[in-house]
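Visitor: This is the structure, below, for whatever I ask next.
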Amino acid sequence: MKVSEIRRQTLKTPCYVYDKQAIRSILDAINEISSSANIKPLYSIKAANNTGLLKLIQPLVTGFSCSSLYELRFANEILDDHQSLHITSPVYKQNEWSDIQQLADYISINSFNQLQNITTSLTDQTSIGIRINPELSFVKDIRYDPCRPVSKLGMTESQLRYALEINNRFCEQIKGVHVHNNCESTNFNEWQQTIERVLEIISMLNLDIEWFNLGGGYLFHDTDHSCLVSIASSIRAKHDVNLFIEPGKAVVGHTGYLISRVIDLIESAEGTIAMLDCSINHLPEVFEYQYKPKVMSSDENGSFQYRLAGCTCLSGDLFGDYTFEQPLSIGDEIIFSHVGAYMQVKANWFNGVSQATTYLFDDTLKQFDPIMQYDYSDFRRR
């Protein structure tokens, strides 16, 4: 998406923009890779999940991957009957279990207690799998690491051994496995190491599985994908299974933008602060994980430096220090790029600052179509 396209139209800021053509291009690439490896691509809707976006993605995947009953119900409204619904959650509430079974085609269980309690009330249509913790970490930041020490995500080999010793019928009830132990990786060799470890666990426990969910956490940008074909082949050499992948951020991360405007400039002895009409309400992970988002018009060699600040009363509502070739003026656009994942789903109403309008950008028609808008009534309802 070009900045010039934004300037030709008056957008209500702050706003999120998703590039339709970019999303389709990424999904076409993922489908091409998946087809060569005979893997079924799902979209993990936790990354971004408003109706217009899901309807855009829906024809280009074989199903959706969810993390809760509400996501499952929402996904069910969008998908066709021939597409599949998958759910993986650290824990399932007992009072939601019946509804989850009615909606989900594939359910991944996370712990021994859940496995023991839930498998006593299975329906015929439910295919139960287990999430495996391979105890193999590649994520440098422990906050993102599913295999961190004392992890809540997935069953380790020893936990699985214990479960099968307590009840050997679990072997008959477990139809699949799910693994997810990486984050924003483009190194498919790490993926291969993970799968080899999981295959060892499956073999040692003598599980006869029908499906294998390879999870997400990998990006499909400028990467040698032959390794994924090799991974699929190594699995099928040992098991006759359906294979799934569930990218989320890989689909929407690089295709989403937060667009804001400068509404004030404050001069101080230490530098100039550019006050924006957005805040970290709209990009909560900036504050949550203390990272600096990319700004499209910034230039690290620029002569004019500004501290970009959000419009709430939180002193830490800051995006960071950026330099520009030209000085900023009130009314200028500031466009944060590569922020399509987890911005809209984590956004909040702190200070009563409105949620951002969401647009889909159509490069062919050169227009921005609003797909989600908010006003005072939405704030008042909360």
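The way I read the labels, and the way they are meant: chains A, B, ... in the order of the structure tokens, residue 1 as the first residue of every chain, and ligand 1 as the first ligand shown, with later ones counted on from there.
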When you look at Asn31 (chain A) with a cut-off of 8 Å (counting only C-alpha atoms), what residues show up, excluding the ones that are within fewer than 5 positions of it in the same chain? I need them as a PDB file with N, CA, C and O atoms, in the first residue's frame.

Guide:
ATOM      1  N   PRO A  41      -4.196 -25.564   4.800  1.00  0.00           N
ATOM      2  CA  PRO A  41      -3.977 -24.315   5.557  1.00  0.00           C
ATOM      3  C   PRO A  41      -5.243 -23.847   6.266  1.00  0.00           C
ATOM      4  O   PRO A  41      -6.324 -23.801   5.681  1.00  0.00           O
ATOM      5  N   LEU A  60      -9.957 -18.688   0.853  1.00  0.00           N
ATOM      6  CA  LEU A  60      -8.573 -19.028   0.530  1.00  0.00           C
ATOM      7  C   LEU A  60      -7.940 -19.981   1.533  1.00  0.00           C
ATOM      8  O   LEU A  60      -6.733 -20.239   1.479  1.00  0.00           O
ATOM      9  N   VAL A  61      -8.738 -20.517   2.468  1.00  0.00           N
ATOM     10  CA  VAL A  61      -8.243 -21.480   3.452  1.00  0.00           C
ATOM     11  C   VAL A  61      -9.212 -22.655   3.531  1.00  0.00           C
ATOM     12  O   VAL A  61     -10.334 -22.593   3.022  1.00  0.00           O
TER      13      VAL A  61
END

Visitor: Which of region 82-186 of chain A end up as strand (DSSP E) when DSSP is run on this backbone - answer as a ChimeraX atom specification?

Guide: /A:84-88,106-109,127-131,176-178

Visitor: Please return as an NGL selection string: the residues of region 221-356 of chain A that backbone DSSP assigns to alpha helix (DSSP H).

Guide: :A and (226-236 or 249-252 or 284-288)

Visitor: List the spatial neighbours of Ile259 (chain A) as a list of chain:residue names - criterion: any atom at most 6 Å away, only C-alpha atoms, same-chain residues fewer than 3 positions off excluded.

Guide: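 Here the answer would be A:Pro14, A:Cys15, A:Ile334, A:Ile335.
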
Visitor: Please determine, counting only C-alpha atoms, which residue among A:Glu285, A:Glu165, A:Asp264, A:Glu190 has the shortest atom-to-atom distance to Gly340 (chain A).

Guide: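 Looking only at the distances to Gly340 (chain A), the closest residue turns out to be A:Glu285.
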
Visitor: Counting only C-alpha atoms, which residue out of A:Asp145, A:Glu200, A:Glu270, A:Asp375 sits closest to Glu184 (chain A)?

Guide: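 Among A:Asp145, A:Glu200, A:Glu270, A:Asp375, it is A:Asp145 that comes nearest to Glu184 (chain A).
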
Visitor: Tell me which of A:Phe112, A:Tyr342, A:Tyr92, A:Tyr106 sits closest to Asp124 (chain A), counting only C-alpha atoms.

Guide: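 Of A:Phe112, A:Tyr342, A:Tyr92, A:Tyr106, the one nearest Asp124 (chain A), counting only C-alpha atoms, is A:Tyr106.
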
Visitor: Excluding same-chain residues fewer than 3 positions from Met343 (chain A), what lies within 8 Å of it counting only C-alpha atoms, as a list of chain:residue names?

Guide: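 Here the answer would be A:Ala48, A:His282, A:Leu283, A:Pro284, A:Glu285, A:Val339, A:Gly340, A:Lys346, A:Ala347.
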
Visitor: So, counting only C-alpha atoms, which residue among A:Thr312, A:Thr364, A:Asn351, A:Thr62 is closest to Leu27 (chain A)?

Guide: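 Of the candidates, the smallest distance to Leu27 (chain A) is held by A:Thr62.
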
Visitor: Counting only C-alpha atoms, what are the residues of region 168-246 of chain A within 10 Å of region 63-76 of chain A, and for each of them which pair of atoms is the nearest and at what distance in Å, to one decimal? Sort the table by chain and rising number, as a Markdown table.

Guide:
| residue | atom | partner | partner_atom | distance |
| --- | --- | --- | --- | --- |
| A:Gly215 | CA | A:Ser65 | CA | 9.5 |
| A:Phe244 | CA | A:Gly63 | CA | 9.7 |
| A:Ile245 | CA | A:Ser65 | CA | 9.3 |
| A:Glu246 | CA | A:Ser65 | CA | 6.5 |

Visitor: Using only C-alpha atoms, I'd like a table of the residues in region 98-186 of chain A that come within 10 Å of region 219-242 of chain A; for each, show the closest atom pair and its distance in Å rounded to one decimal, ordered by chain and ascending number, as JSON lines.

Guide:
{"residue": "A:Lys175", "atom": "CA", "partner": "A:Val241", "partner_atom": "CA", "distance": 9.7}
{"residue": "A:Gly176", "atom": "CA", "partner": "A:Val241", "partner_atom": "CA", "distance": 8.6}
{"residue": "A:Cys183", "atom": "CA", "partner": "A:Leu219", "partner_atom": "CA", "distance": 8.7}
{"residue": "A:Glu184", "atom": "CA", "partner": "A:Leu219", "partner_atom": "CA", "distance": 5.8}
{"residue": "A:Ser185", "atom": "CA", "partner": "A:Leu219", "partner_atom": "CA", "distance": 5.9}
{"residue": "A:Thr186", "atom": "CA", "partner": "A:Leu219", "partner_atom": "CA", "distance": 5.3}

Visitor: What lies within 9 Å of Gln305 (chain A) using only C-alpha atoms, ignoring chain neighbours under 2 positions off, as a count of residues only?

Guide: 11

Visitor: For Asn213 (chain A), which residue out of A:Lys249, A:Lys20, A:Arg131, A:Arg382 is the nearest one, using only C-alpha atoms?

Guide: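 Of A:Lys249, A:Lys20, A:Arg131, A:Arg382, the one nearest Asn213 (chain A) is A:Arg131, counting only C-alpha atoms.
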